[in-house]
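One structure is given below, encoded as structure tokens.
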Amino acid sequence: MLEIKNLQSRIGDTEILHGLSLSVNVGEVHAIMGPNGSGKSTLAQVVAGHEDHVVTGGEVLFNGSDLLQLAPEERAREGIFLGFQYPVEIPGVNNAYLLKAAVNAKRQHQGLGEIDAFEFLKLAREKMAALGMDPKFLNRGVNEGFSGGEKKRNEILQMAMLEPKLAILDETDSGLDIDALKAVAEGVNALRRPDRAIVLVTHYQRLLDYIEPDHVHVLSGGRIVRSGDKSLALELEEKGYDWVREAASA
Amino acid sequence: MTQAPLSVDRIRRAVSALPTTRHEDWKYTDLSSAIDISTRWLQEDVSRAPDAASPQAIAALTAAVDADWIVIENGVPDPSSFPEGGDIGIERLRHAEALADDPLARLNSALQRDALRIEINAATEKPLGILIIDEALSGAQVSQATIDIEVAPGCDAEIIEYHSSSGDGDHYSNSAVTLHIGESAKAAYVRIQDRDLKHVQTARFAIELDTDSELQMAGYDLGGGLIRNDVDVNLAKPGASANFNGLYLAGDDQHIDNHTRVDHRVGPASSSQEYRGILNGRCRCVWNGKAVVHEGADGTDARQANHNLLLSDKAEIDAKPELEIYADDVKCAHGTTVGQLDEAAIFYLRTRGLDQRAAQQLLTHAFAAGFVNRAPVAASREAVTALVEARLSTLVREAIS
């Protein structure tokens, strides 16, 4: 589904990704782990199409076609979802309005008509109930004054409404207490499907206690230095990232 | 009623005394175009009948809000539009008292031939609408409105003042409105300025609040080539509260200047104002908010804020809060911001499938949203929303193309 080959990127004058390769198949859950500054979030941003990141080499294919040619919104409509590490607060834009606009942008791309207002509300309320979100969040400004946990739940709500083919969740566990972490993890698990792939970007192993990955990759210095199954995450937790850095430079 | 004859000499003197940019209050706003239009108009026959506004235009504007409309066309009130009997009293005056001793007030006075005095004695079923419509098909024309409004003690009044102009000619309007809100009365006031993008307006609005009275006001500047609004709020009685907001939307070649002055003469009393601007293209806007807390006005609470969104690097804003405090027990706060659309928010919206333009449009509208939803006269909200949305959509389209 997602094929990244020898990807290189820079932001400003700083090179971040140094020949990163990764292959994610449909139905799989991958965890990308790595120390701060290893390029985890950059990878997520490049796949989503952030224009501050300039791709200087390599390629990214999504279901066989060149993803790098597409604008961020086109990638979203094709079924790529980025869950933000720091979801943006947008006062004055109603949460329900954004959800609906996002759903309709995708439906229009698929040649479908706009979602019925009643159907939309019913769907949104169902998904919110499953995530333990108060329906009043629908009528608040997007992420405006939300706590850390509420913001992350809101990201998962958007993901649930948009039903992406590929979801990249950037540090979805950061800043969450244990209850919020469980709620978010349950939300993600409920969205695991044979026709969907999920990439979890995380610093800590903790999230993987609740969402079991099929593959774990360790990123260091802008490339993947080690891949394995979920036991790699436990090994990392035990030995720390220095172990990977040493292994990488050896 | 026959109109008072105009004295060309007196007008000419008033025009020649208009302030220049050397005057501190007029530093950012150059009245040359107003002087030029007035001078050319004076060279022609000032007594000639102005161009008539189209009845369809008047019908369309007044249909936008369900109100009892008084129509002032090219400075001349149309008596057939006056509400009959009931709780609103209307009187045509040959001359109203001068508002203030300043050059624009003197020009208004010199140009006066048909002023209105409106008394609102009880809450009415529908808001009172005042449509000030000017038409200038060719050449240079000057017309203005002069209105005194009195809201009786204890009365709840809703008022909409709507300025509109059209035509390929040059037009200058120098209106003067006074509003006196009686004891324990409440006034909800909406001002809409949607003049032709070439026309010039100076407008003074002087408001006086009596004991325990309340003002809720919002102004919307959508059009005009050169616009200068002066809002003076006089809080001379205790217990009064004045809340007024303004939204200005400016595109290429527009200049919109909002000068406000609040005089807190006694306490306790409160005033709060928030002006917001969205600027695109080569335009300039000014917000100058002055609050004077006079000696002895203890218990004053004065707040002012001005926020600006610049969609273009050619747009210019001069934002100037001014506080003068001569009393001890006061709460005063002010803040101004100038910024562009948040790139992080644009990217966030794009990752949700909205294209660049939709994202910019959504964020720009969001900046104005609170002001539109909270228009003080409920009956005007739909029309205000439609007008603001239409103007904003044009500005955003121009900003993105």
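Residue numbering restarts at 1 in every chain; chains get A, B, ... in the order shown in the structure tokens, and ligands count up from 1 in that same order.
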
Counting only C-alpha atoms, chain B residues within 9 Å of chain A, as a PyMOL selection string: chain B and resi 344-345+347-356+362-363+365-370

What lies within 7 Å of region 280-286 of chain B using only C-alpha atoms, ignoring chain neighbours under 5 positions off, as number ranges by chain? B: 250-258, 310-312, 314-319, 395, 399

List the spatial neighbours of region 329-333 of chain B as a PyMOL selection string - criterion: any atom at most 10 Å away, only C-alpha atoms, same-chain residues fewer than 2 positions off excluded. chain B and resi 267-272+291+293+296-305+321+323-327+335

Could you turn the residues from that selection into a file that holds C-alpha atoms, as a PDB file, in the first residue's frame?
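Now in selection_15.pdb:
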ATOM      1  CA  GLY B 267     -18.192  56.055  37.724  1.00  0.00           C
ATOM      2  CA  PRO B 268     -19.155  53.388  37.999  1.00  0.00           C
ATOM      3  CA  ALA B 269     -19.525  52.884  34.272  1.00  0.00           C
ATOM      4  CA  SER B 270     -18.092  50.502  31.754  1.00  0.00           C
ATOM      5  CA  SER B 271     -17.091  50.614  28.147  1.00  0.00           C
ATOM      6  CA  SER B 272     -15.706  47.927  25.928  1.00  0.00           C
ATOM      7  CA  ALA B 291     -10.383  56.250  26.297  1.00  0.00           C
ATOM      8  CA  VAL B 293     -11.015  58.449  32.329  1.00  0.00           C
ATOM      9  CA  GLY B 296     -13.309  61.398  39.815  1.00  0.00           C
ATOM     10  CA  ALA B 297     -14.577  58.700  37.452  1.00  0.00           C
ATOM     11  CA  ASP B 298     -13.781  55.957  39.956  1.00  0.00           C
ATOM     12  CA  GLY B 299     -15.253  52.540  39.258  1.00  0.00           C
ATOM     13  CA  THR B 300     -14.519  52.856  35.554  1.00  0.00           C
ATOM     14  CA  ASP B 301     -14.002  49.700  33.557  1.00  0.00           C
ATOM     15  CA  ALA B 302     -12.697  50.469  30.076  1.00  0.00           C
ATOM     16  CA  ARG B 303     -11.552  47.852  27.626  1.00  0.00           C
ATOM     17  CA  GLN B 304     -10.434  48.098  24.051  1.00  0.00           C
ATOM     18  CA  ALA B 305      -9.056  45.645  21.572  1.00  0.00           C
ATOM     19  CA  PRO B 321      -4.805  52.469  21.509  1.00  0.00           C
ATOM     20  CA  LEU B 323      -5.558  55.615  27.369  1.00  0.00           C
ATOM     21  CA  GLU B 324      -5.640  58.749  29.466  1.00  0.00           C
ATOM     22  CA  ILE B 325      -6.414  58.067  33.100  1.00  0.00           C
ATOM     23  CA  TYR B 326      -6.968  60.760  35.702  1.00  0.00           C
ATOM     24  CA  ALA B 327      -8.804  58.668  38.315  1.00  0.00           C
ATOM     25  CA  GLY B 335      -4.597  45.006  23.212  1.00  0.00           C
TER      26      GLY B 335
END

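Closest approach to Glu150 (chain A) among A:Gly34, A:Gly132, A:Gly57, A:Gly111: A:Gly132, based on only C-alpha atoms.
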
Neighbour list for Asn63 (chain A) as a list in words, cut-off 10 Å, only C-alpha atoms, skip fewer than 5 positions in-chain: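 Returned residues: Met1, Leu2, Glu3, Asn25, Val26, Glu78 and Lys165 of chain A.
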
Here CA of Glu214 (chain B) and CA of Ile70 (chain B) stand apart by 23.8 Å

So the first atom is CA of Tyr86 (chain A) and the second is CA of Lys151 (chain A); what is the distance between them in Å, to one decimal place? 8.2 Å

May I ask which of the residues A:Asp209, A:Asp116, A:Asp214, A:Glu155 is the closest one to Arg192 (chain A), counting only C-alpha atoms?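 Among A:Asp209, A:Asp116, A:Asp214, A:Glu155, it is A:Asp214 that comes nearest to Arg192 (chain A).
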
For a quick check of understanding, using only C-alpha atoms, which of B:Gln361, B:Gln201, B:Thr385, B:Ser393 has the smallest distance to Ser33 (chain B)?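 Selected residue with least distance to Ser33 (chain B): B:Gln201.
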
Could you make a table, as a tab-separated table, of the residues of region 102-136 of chain B that have an atom within 12 Å of an atom of region 170-178 of chain B, each with its nearest atom pair and distance in Å to one decimal, counting only C-alpha atoms, in chain and number order?
residue	atom	partner	partner_atom	distance
B:Asp102	CA	B:Ala176	CA	11.9
B:Pro103	CA	B:Asn174	CA	11.0
B:Leu104	CA	B:Asn174	CA	7.3
B:Ala105	CA	B:Ala176	CA	7.4
B:Arg106	CA	B:Asn174	CA	10.4
B:Leu107	CA	B:Asn174	CA	7.8
B:Asn108	CA	B:Asn174	CA	6.2
B:Ser109	CA	B:Ala176	CA	9.2
B:Ala110	CA	B:Asn174	CA	10.9
B:Leu111	CA	B:Asn174	CA	8.9
B:Gln112	CA	B:Ser175	CA	9.8
B:Asp114	CA	B:Ser175	CA	11.9
B:Ala115	CA	B:Ala176	CA	9.6
B:Leu116	CA	B:Val177	CA	9.5
B:Arg117	CA	B:Thr178	CA	9.5
B:Ile118	CA	B:Thr178	CA	10.2
B:Glu119	CA	B:Thr178	CA	11.7
B:Ile130	CA	B:Val177	CA	11.1
B:Ile132	CA	B:Ser175	CA	9.4
B:Ile133	CA	B:Ser173	CA	10.1
B:Asp134	CA	B:His171	CA	8.0
B:Glu135	CA	B:His171	CA	7.9
B:Ala136	CA	B:His171	CA	6.0

Keeping only N, CA, C and O atoms, write those residues as a tab-separated table (two decimals), in the first residue's frame.
chain	number	residue	atom	x	y	z
B	102	ASP	N	-15.88	70.98	15.55
B	102	ASP	CA	-14.73	70.54	14.75
B	102	ASP	C	-15.04	70.76	13.28
B	102	ASP	O	-16.19	71.02	12.91
B	103	PRO	N	-14.05	70.71	12.43
B	103	PRO	CA	-14.25	71.09	11.03
B	103	PRO	C	-15.32	70.28	10.30
B	103	PRO	O	-16.08	70.83	9.51
B	104	LEU	N	-15.41	68.97	10.60
B	104	LEU	CA	-16.42	68.16	9.92
B	104	LEU	C	-17.82	68.50	10.41
B	104	LEU	O	-18.77	68.50	9.63
B	105	ALA	N	-17.93	68.79	11.71
B	105	ALA	CA	-19.23	69.19	12.25
B	105	ALA	C	-19.66	70.51	11.61
B	105	ALA	O	-20.82	70.70	11.27
B	106	ARG	N	-18.69	71.40	11.41
B	106	ARG	CA	-19.02	72.69	10.78
B	106	ARG	C	-19.43	72.50	9.32
B	106	ARG	O	-20.34	73.15	8.83
B	107	LEU	N	-18.76	71.55	8.66
B	107	LEU	CA	-19.16	71.28	7.28
B	107	LEU	C	-20.56	70.67	7.24
B	107	LEU	O	-21.40	71.04	6.42
B	108	ASN	N	-20.82	69.74	8.18
B	108	ASN	CA	-22.16	69.14	8.24
B	108	ASN	C	-23.20	70.23	8.46
B	108	ASN	O	-24.25	70.26	7.82
B	109	SER	N	-22.87	71.15	9.34
B	109	SER	CA	-23.78	72.23	9.64
B	109	SER	C	-24.02	73.12	8.41
B	109	SER	O	-25.15	73.49	8.09
B	110	ALA	N	-22.95	73.41	7.69
B	110	ALA	CA	-23.07	74.26	6.50
B	110	ALA	C	-23.89	73.58	5.40
B	110	ALA	O	-24.56	74.23	4.61
B	111	LEU	N	-23.81	72.25	5.38
B	111	LEU	CA	-24.50	71.51	4.32
B	111	LEU	C	-25.93	71.14	4.69
B	111	LEU	O	-26.68	70.62	3.87
B	112	GLN	N	-26.30	71.42	5.92
B	112	GLN	CA	-27.61	70.98	6.38
B	112	GLN	C	-28.75	71.72	5.74
B	112	GLN	O	-28.75	72.93	5.67
B	114	ASP	N	-31.90	69.60	5.79
B	114	ASP	CA	-33.00	68.70	6.09
B	114	ASP	C	-32.53	67.67	7.11
B	114	ASP	O	-32.01	66.63	6.75
B	115	ALA	N	-32.68	68.00	8.38
B	115	ALA	CA	-32.23	67.08	9.43
B	115	ALA	C	-33.44	66.36	10.01
B	115	ALA	O	-34.57	66.79	9.85
B	116	LEU	N	-33.17	65.22	10.65
B	116	LEU	CA	-34.26	64.45	11.25
B	116	LEU	C	-34.07	64.35	12.74
B	116	LEU	O	-32.95	64.17	13.22
B	117	ARG	N	-35.18	64.44	13.44
B	117	ARG	CA	-35.14	64.12	14.86
B	117	ARG	C	-36.09	62.95	15.08
B	117	ARG	O	-37.25	62.98	14.68
B	118	ILE	N	-35.55	61.89	15.68
B	118	ILE	CA	-36.34	60.68	15.88
B	118	ILE	C	-36.43	60.40	17.37
B	118	ILE	O	-35.41	60.38	18.07
B	119	GLU	N	-37.66	60.22	17.84
B	119	GLU	CA	-37.83	59.86	19.25
B	119	GLU	C	-38.44	58.47	19.34
B	119	GLU	O	-39.48	58.21	18.74
B	130	ILE	N	-32.77	52.83	9.33
B	130	ILE	CA	-32.53	54.12	8.67
B	130	ILE	C	-31.63	53.84	7.46
B	130	ILE	O	-30.47	53.47	7.62
B	132	ILE	N	-29.62	55.19	4.47
B	132	ILE	CA	-29.03	56.41	3.92
B	132	ILE	C	-28.44	56.01	2.57
B	132	ILE	O	-27.42	55.34	2.50
B	133	ILE	N	-29.15	56.36	1.52
B	133	ILE	CA	-28.74	55.89	0.19
B	133	ILE	C	-28.39	57.08	-0.69
B	133	ILE	O	-29.12	58.08	-0.73
B	134	ASP	N	-27.26	56.99	-1.33
B	134	ASP	CA	-26.80	58.08	-2.19
B	134	ASP	C	-26.50	57.55	-3.58
B	134	ASP	O	-25.97	56.46	-3.73
B	135	GLU	N	-26.84	58.37	-4.56
B	135	GLU	CA	-26.63	57.97	-5.95
B	135	GLU	C	-25.83	59.08	-6.62
B	135	GLU	O	-26.16	60.25	-6.49
B	136	ALA	N	-24.79	58.71	-7.32
B	136	ALA	CA	-24.01	59.71	-8.06
B	136	ALA	C	-23.68	59.12	-9.42
B	136	ALA	O	-22.75	58.35	-9.56

Backbone-only DSSP, alpha helix (DSSP H) members of region 217-374 of chain B, as number ranges by chain: B: 343-350, 356-373

Just to be explicit: take each residue in the selection above, keep N, CA, C and O atoms, and write the result as a CSV table (one decimal), in the first residue's frame.
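Here's the written file again-v4.csv:
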chain,number,residue,atom,x,y,z
B,343,GLU,N,-0.3,29.4,9.2
B,343,GLU,CA,0.0,28.4,8.2
B,343,GLU,C,-0.2,27.0,8.8
B,343,GLU,O,-0.5,26.0,8.1
B,344,ALA,N,0.0,26.8,10.1
B,344,ALA,CA,-0.2,25.5,10.7
B,344,ALA,C,-1.7,25.1,10.6
B,344,ALA,O,-2.0,23.9,10.3
B,345,ALA,N,-2.6,26.1,10.8
B,345,ALA,CA,-4.0,25.8,10.7
B,345,ALA,C,-4.4,25.4,9.2
B,345,ALA,O,-5.2,24.6,9.0
B,346,ILE,N,-3.7,26.1,8.3
B,346,ILE,CA,-4.0,25.9,6.9
B,346,ILE,C,-3.6,24.4,6.5
B,346,ILE,O,-4.4,23.7,5.9
B,347,PHE,N,-2.4,24.0,7.0
B,347,PHE,CA,-2.0,22.7,6.7
B,347,PHE,C,-2.9,21.6,7.3
B,347,PHE,O,-3.2,20.6,6.7
B,348,TYR,N,-3.2,21.9,8.6
B,348,TYR,CA,-4.1,21.0,9.3
B,348,TYR,C,-5.4,20.8,8.5
B,348,TYR,O,-5.9,19.7,8.3
B,349,LEU,N,-6.0,21.9,8.0
B,349,LEU,CA,-7.3,21.8,7.3
B,349,LEU,C,-7.1,21.0,5.9
B,349,LEU,O,-7.9,20.3,5.5
B,350,ARG,N,-5.9,21.3,5.3
B,350,ARG,CA,-5.6,20.6,4.0
B,350,ARG,C,-5.5,19.1,4.3
B,350,ARG,O,-5.9,18.3,3.4
B,356,GLN,N,-6.6,24.5,-0.5
B,356,GLN,CA,-5.9,25.7,0.0
B,356,GLN,C,-6.9,26.9,0.1
B,356,GLN,O,-7.0,27.6,1.1
B,357,ARG,N,-7.7,27.0,-0.9
B,357,ARG,CA,-8.6,28.1,-1.0
B,357,ARG,C,-9.7,28.0,0.1
B,357,ARG,O,-10.1,28.9,0.8
B,358,ALA,N,-10.3,26.8,0.2
B,358,ALA,CA,-11.3,26.5,1.2
B,358,ALA,C,-10.8,26.7,2.6
B,358,ALA,O,-11.5,27.3,3.5
B,359,ALA,N,-9.5,26.3,2.8
B,359,ALA,CA,-8.9,26.5,4.1
B,359,ALA,C,-8.7,27.9,4.5
B,359,ALA,O,-9.1,28.4,5.6
B,360,GLN,N,-8.2,28.7,3.5
B,360,GLN,CA,-8.0,30.2,3.7
B,360,GLN,C,-9.4,30.8,4.0
B,360,GLN,O,-9.5,31.7,4.8
B,361,GLN,N,-10.3,30.4,3.2
B,361,GLN,CA,-11.7,31.0,3.3
B,361,GLN,C,-12.3,30.7,4.7
B,361,GLN,O,-12.8,31.6,5.3
B,362,LEU,N,-12.1,29.5,5.1
B,362,LEU,CA,-12.7,29.1,6.4
B,362,LEU,C,-12.1,29.8,7.5
B,362,LEU,O,-12.7,30.4,8.4
B,363,LEU,N,-10.7,30.0,7.5
B,363,LEU,CA,-10.0,30.6,8.5
B,363,LEU,C,-10.3,32.1,8.5
B,363,LEU,O,-10.4,32.8,9.6
B,364,THR,N,-10.5,32.7,7.4
B,364,THR,CA,-10.8,34.1,7.3
B,364,THR,C,-12.2,34.4,7.8
B,364,THR,O,-12.4,35.3,8.6
B,365,HIS,N,-13.1,33.6,7.4
B,365,HIS,CA,-14.5,33.7,7.9
B,365,HIS,C,-14.5,33.5,9.4
B,365,HIS,O,-15.3,34.2,10.1
B,366,ALA,N,-13.7,32.6,9.9
B,366,ALA,CA,-13.7,32.3,11.3
B,366,ALA,C,-13.2,33.5,12.1
B,366,ALA,O,-13.7,33.8,13.2
B,367,PHE,N,-12.3,34.3,11.5
B,367,PHE,CA,-11.8,35.5,12.2
B,367,PHE,C,-13.0,36.5,12.4
B,367,PHE,O,-13.0,37.2,13.4
B,368,ALA,N,-13.9,36.5,11.5
B,368,ALA,CA,-15.0,37.5,11.6
B,368,ALA,C,-16.3,36.9,12.3
B,368,ALA,O,-17.2,37.6,12.6
B,369,ALA,N,-16.3,35.5,12.4
B,369,ALA,CA,-17.5,34.8,12.7
B,369,ALA,C,-18.2,35.4,14.0
B,369,ALA,O,-19.4,35.6,14.0
B,370,GLY,N,-17.5,35.5,15.1
B,370,GLY,CA,-18.1,35.9,16.3
B,370,GLY,C,-18.8,37.3,16.2
B,370,GLY,O,-19.9,37.5,16.7
B,371,PHE,N,-18.2,38.2,15.4
B,371,PHE,CA,-18.8,39.5,15.2
B,371,PHE,C,-20.1,39.5,14.4
B,371,PHE,O,-21.0,40.3,14.6
B,372,VAL,N,-20.2,38.5,13.5
B,372,VAL,CA,-21.4,38.4,12.7
B,372,VAL,C,-22.5,37.7,13.5
B,372,VAL,O,-23.7,38.2,13.5
B,373,ASN,N,-22.2,36.7,14.2
B,373,ASN,CA,-23.2,35.9,15.0
B,373,ASN,C,-23.7,36.8,16.1
B,373,ASN,O,-24.8,36.5,16.6

Residues of region 126-246 of chain A in strand (DSSP E), written as a list in words: Gly141, Val142, Leu166, Ala167, Ile168, Leu169, Asp170, Ala197, Ile198, Val199, Leu200, Val201, Thr202, His215, Val216, His217, Val218, Leu219, Ser220, Arg223, Ile224, Val225, Arg226, Ser227 and Gly228 of chain A

Please report the interatomic distance between CA of Asp230 (chain B) and CA of Ser165 (chain B) in Å with one decimal.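 According to the coordinates, CA of Asp230 (chain B) and CA of Ser165 (chain B) are separated by 19.4 Å.
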
Which residues come within 9 Å of Val24 (chain A), counting only C-alpha atoms, excluding same-chain residues fewer than 4 positions away, as a list in words?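 That gives Met1, Leu2, Glu3, Ile4, Glu28, Val29, His30, Ala197, Ile198 and Val199 of chain A.
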
Take the selection from the previous step and output its residues with N, CA and C atoms, as a compact mmCIF listing (two decimals), in the first residue's frame.
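Saved result, part.txt, follows:
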# COMPACT_ATOMS: atom_id res chain seq x y z
N MET A 1 0.83 -1.20 0.00
CA MET A 1 0.00 0.00 0.00
C MET A 1 0.87 1.26 0.00
N LEU A 2 1.79 1.34 0.98
CA LEU A 2 2.72 2.47 1.04
C LEU A 2 4.14 1.94 0.83
N GLU A 3 4.78 2.52 -0.18
CA GLU A 3 6.13 2.06 -0.55
C GLU A 3 7.06 3.26 -0.54
N ILE A 4 7.94 3.32 0.43
CA ILE A 4 8.88 4.44 0.51
C ILE A 4 10.26 3.91 0.16
N GLU A 28 -1.88 -4.01 7.81
CA GLU A 28 -0.82 -4.08 8.81
C GLU A 28 -0.80 -2.86 9.74
N VAL A 29 -0.27 -3.09 10.94
CA VAL A 29 0.01 -1.98 11.84
C VAL A 29 1.51 -1.93 12.07
N HIS A 30 2.10 -0.78 11.72
CA HIS A 30 3.54 -0.60 11.90
C HIS A 30 3.80 0.43 12.99
N ALA A 197 -4.29 0.31 6.66
CA ALA A 197 -2.99 0.20 7.31
C ALA A 197 -2.82 1.35 8.29
N ILE A 198 -2.12 1.08 9.38
CA ILE A 198 -1.91 2.11 10.40
C ILE A 198 -0.42 2.18 10.72
N VAL A 199 0.10 3.41 10.73
CA VAL A 199 1.49 3.61 11.11
C VAL A 199 1.50 4.44 12.39

As an mmCIF file with N, CA and C atoms, in the first residue's frame, please: the residues near Ser166 (chain B) (cut-off 12 Å, only C-alpha atoms, same-chain neighbours under 3 positions excluded).
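As a result, selection_4.cif now contains:
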data_model
loop_
_atom_site.group_PDB
_atom_site.id
_atom_site.type_symbol
_atom_site.label_atom_id
_atom_site.label_comp_id
_atom_site.auth_asym_id
_atom_site.auth_seq_id
_atom_site.Cartn_x
_atom_site.Cartn_y
_atom_site.Cartn_z
ATOM 1 N N ASP B 51 -29.020 62.926 -8.393
ATOM 2 C CA ASP B 51 -29.521 61.759 -9.121
ATOM 3 C C ASP B 51 -30.384 60.909 -8.190
ATOM 4 N N ALA B 52 -31.440 60.367 -8.772
ATOM 5 C CA ALA B 52 -32.352 59.573 -7.946
ATOM 6 C C ALA B 52 -31.844 58.138 -7.832
ATOM 7 N N ALA B 53 -31.966 57.591 -6.623
ATOM 8 C CA ALA B 53 -31.636 56.171 -6.442
ATOM 9 C C ALA B 53 -32.771 55.351 -7.029
ATOM 10 N N SER B 54 -32.456 54.161 -7.503
ATOM 11 C CA SER B 54 -33.512 53.382 -8.120
ATOM 12 C C SER B 54 -34.431 52.802 -7.045
ATOM 13 N N ALA B 57 -33.513 49.422 -6.015
ATOM 14 C CA ALA B 57 -32.382 49.303 -5.087
ATOM 15 C C ALA B 57 -32.859 49.533 -3.663
ATOM 16 N N ILE B 58 -33.689 50.558 -3.491
ATOM 17 C CA ILE B 58 -34.205 50.854 -2.150
ATOM 18 C C ILE B 58 -35.032 49.672 -1.640
ATOM 19 N N GLU B 73 -32.721 59.735 0.997
ATOM 20 C CA GLU B 73 -32.135 59.560 -0.321
ATOM 21 C C GLU B 73 -31.376 60.817 -0.700
ATOM 22 N N ASN B 74 -30.102 60.675 -0.979
ATOM 23 C CA ASN B 74 -29.254 61.825 -1.287
ATOM 24 C C ASN B 74 -29.431 62.947 -0.270
ATOM 25 N N ILE B 132 -29.620 55.189 4.469
ATOM 26 C CA ILE B 132 -29.028 56.409 3.916
ATOM 27 C C ILE B 132 -28.442 56.010 2.572
ATOM 28 N N ILE B 133 -29.149 56.362 1.524
ATOM 29 C CA ILE B 133 -28.743 55.890 0.194
ATOM 30 C C ILE B 133 -28.388 57.082 -0.689
ATOM 31 N N ASP B 134 -27.262 56.994 -1.334
ATOM 32 C CA ASP B 134 -26.796 58.082 -2.192
ATOM 33 C C ASP B 134 -26.495 57.548 -3.582
ATOM 34 N N GLU B 135 -26.843 58.367 -4.560
ATOM 35 C CA GLU B 135 -26.632 57.971 -5.946
ATOM 36 C C GLU B 135 -25.831 59.080 -6.622
ATOM 37 N N ALA B 136 -24.787 58.710 -7.319
ATOM 38 C CA ALA B 136 -24.009 59.711 -8.064
ATOM 39 C C ALA B 136 -23.684 59.118 -9.424
ATOM 40 N N LEU B 137 -24.505 59.445 -10.412
ATOM 41 C CA LEU B 137 -24.333 58.835 -11.727
ATOM 42 C C LEU B 137 -23.140 59.405 -12.472
ATOM 43 N N SER B 138 -22.886 60.719 -12.255
ATOM 44 C CA SER B 138 -21.762 61.335 -12.961
ATOM 45 C C SER B 138 -21.302 62.560 -12.182
ATOM 46 N N GLN B 141 -20.740 64.800 -6.526
ATOM 47 C CA GLN B 141 -21.920 65.105 -5.738
ATOM 48 C C GLN B 141 -21.625 64.972 -4.254
ATOM 49 N N HIS B 163 -25.780 52.504 5.378
ATOM 50 C CA HIS B 163 -25.298 53.439 4.353
ATOM 51 C C HIS B 163 -24.990 52.675 3.068
ATOM 52 N N GLY B 169 -20.283 58.246 -10.703
ATOM 53 C CA GLY B 169 -19.797 59.577 -10.345
ATOM 54 C C GLY B 169 -19.048 59.545 -9.024
ATOM 55 N N ASP B 170 -18.471 60.696 -8.677
ATOM 56 C CA ASP B 170 -17.786 60.795 -7.393
ATOM 57 C C ASP B 170 -18.788 61.269 -6.344
ATOM 58 N N HIS B 171 -18.693 60.693 -5.157
ATOM 59 C CA HIS B 171 -19.641 61.075 -4.121
ATOM 60 C C HIS B 171 -18.955 61.229 -2.783
ATOM 61 N N TYR B 172 -19.385 62.271 -2.070
ATOM 62 C CA TYR B 172 -18.884 62.481 -0.708
ATOM 63 C C TYR B 172 -20.057 62.669 0.238
ATOM 64 N N ASP B 194 -21.922 50.125 3.370
ATOM 65 C CA ASP B 194 -21.651 49.336 2.167
ATOM 66 C C ASP B 194 -21.672 50.261 0.952
ATOM 67 N N ARG B 195 -20.846 51.274 0.990
ATOM 68 C CA ARG B 195 -20.820 52.251 -0.103
ATOM 69 C C ARG B 195 -20.045 51.724 -1.305
ATOM 70 N N ASP B 196 -20.254 52.387 -2.418
ATOM 71 C CA ASP B 196 -19.499 52.069 -3.625
ATOM 72 C C ASP B 196 -18.002 52.176 -3.320
ATOM 73 N N LEU B 197 -17.220 51.322 -3.952
ATOM 74 C CA LEU B 197 -15.787 51.237 -3.623
ATOM 75 C C LEU B 197 -14.990 52.480 -4.021
ATOM 76 N N LYS B 198 -15.638 53.456 -4.707
ATOM 77 C CA LYS B 198 -14.939 54.696 -5.034
ATOM 78 C C LYS B 198 -15.389 55.855 -4.142
ATOM 79 N N HIS B 199 -16.507 55.684 -3.449
ATOM 80 C CA HIS B 199 -17.101 56.834 -2.759
ATOM 81 C C HIS B 199 -16.436 57.142 -1.417
ATOM 82 N N VAL B 200 -16.667 58.370 -0.989
ATOM 83 C CA VAL B 200 -15.975 58.889 0.198
ATOM 84 C C VAL B 200 -16.995 59.185 1.300
ATOM 85 N N GLY B 223 -17.647 48.563 2.417
ATOM 86 C CA GLY B 223 -17.349 49.221 1.149
ATOM 87 C C GLY B 223 -16.642 50.547 1.379
ATOM 88 N N GLY B 224 -16.769 51.411 0.358
ATOM 89 C CA GLY B 224 -16.186 52.740 0.452
ATOM 90 C C GLY B 224 -14.768 52.790 -0.051
ATOM 91 N N GLY B 225 -14.415 53.896 -0.701
ATOM 92 C CA GLY B 225 -13.037 54.096 -1.142
ATOM 93 C C GLY B 225 -12.239 54.725 -0.017
#

Set the distance at 12 Å and use only C-alpha atoms: which residues neighbour Leu236 (chain A) once local chain neighbours fewer than 3 positions away are removed? I'd like the list as a PyMOL selection string. chain A and resi 32-35+203-206+216-219+226-233+239-245+247
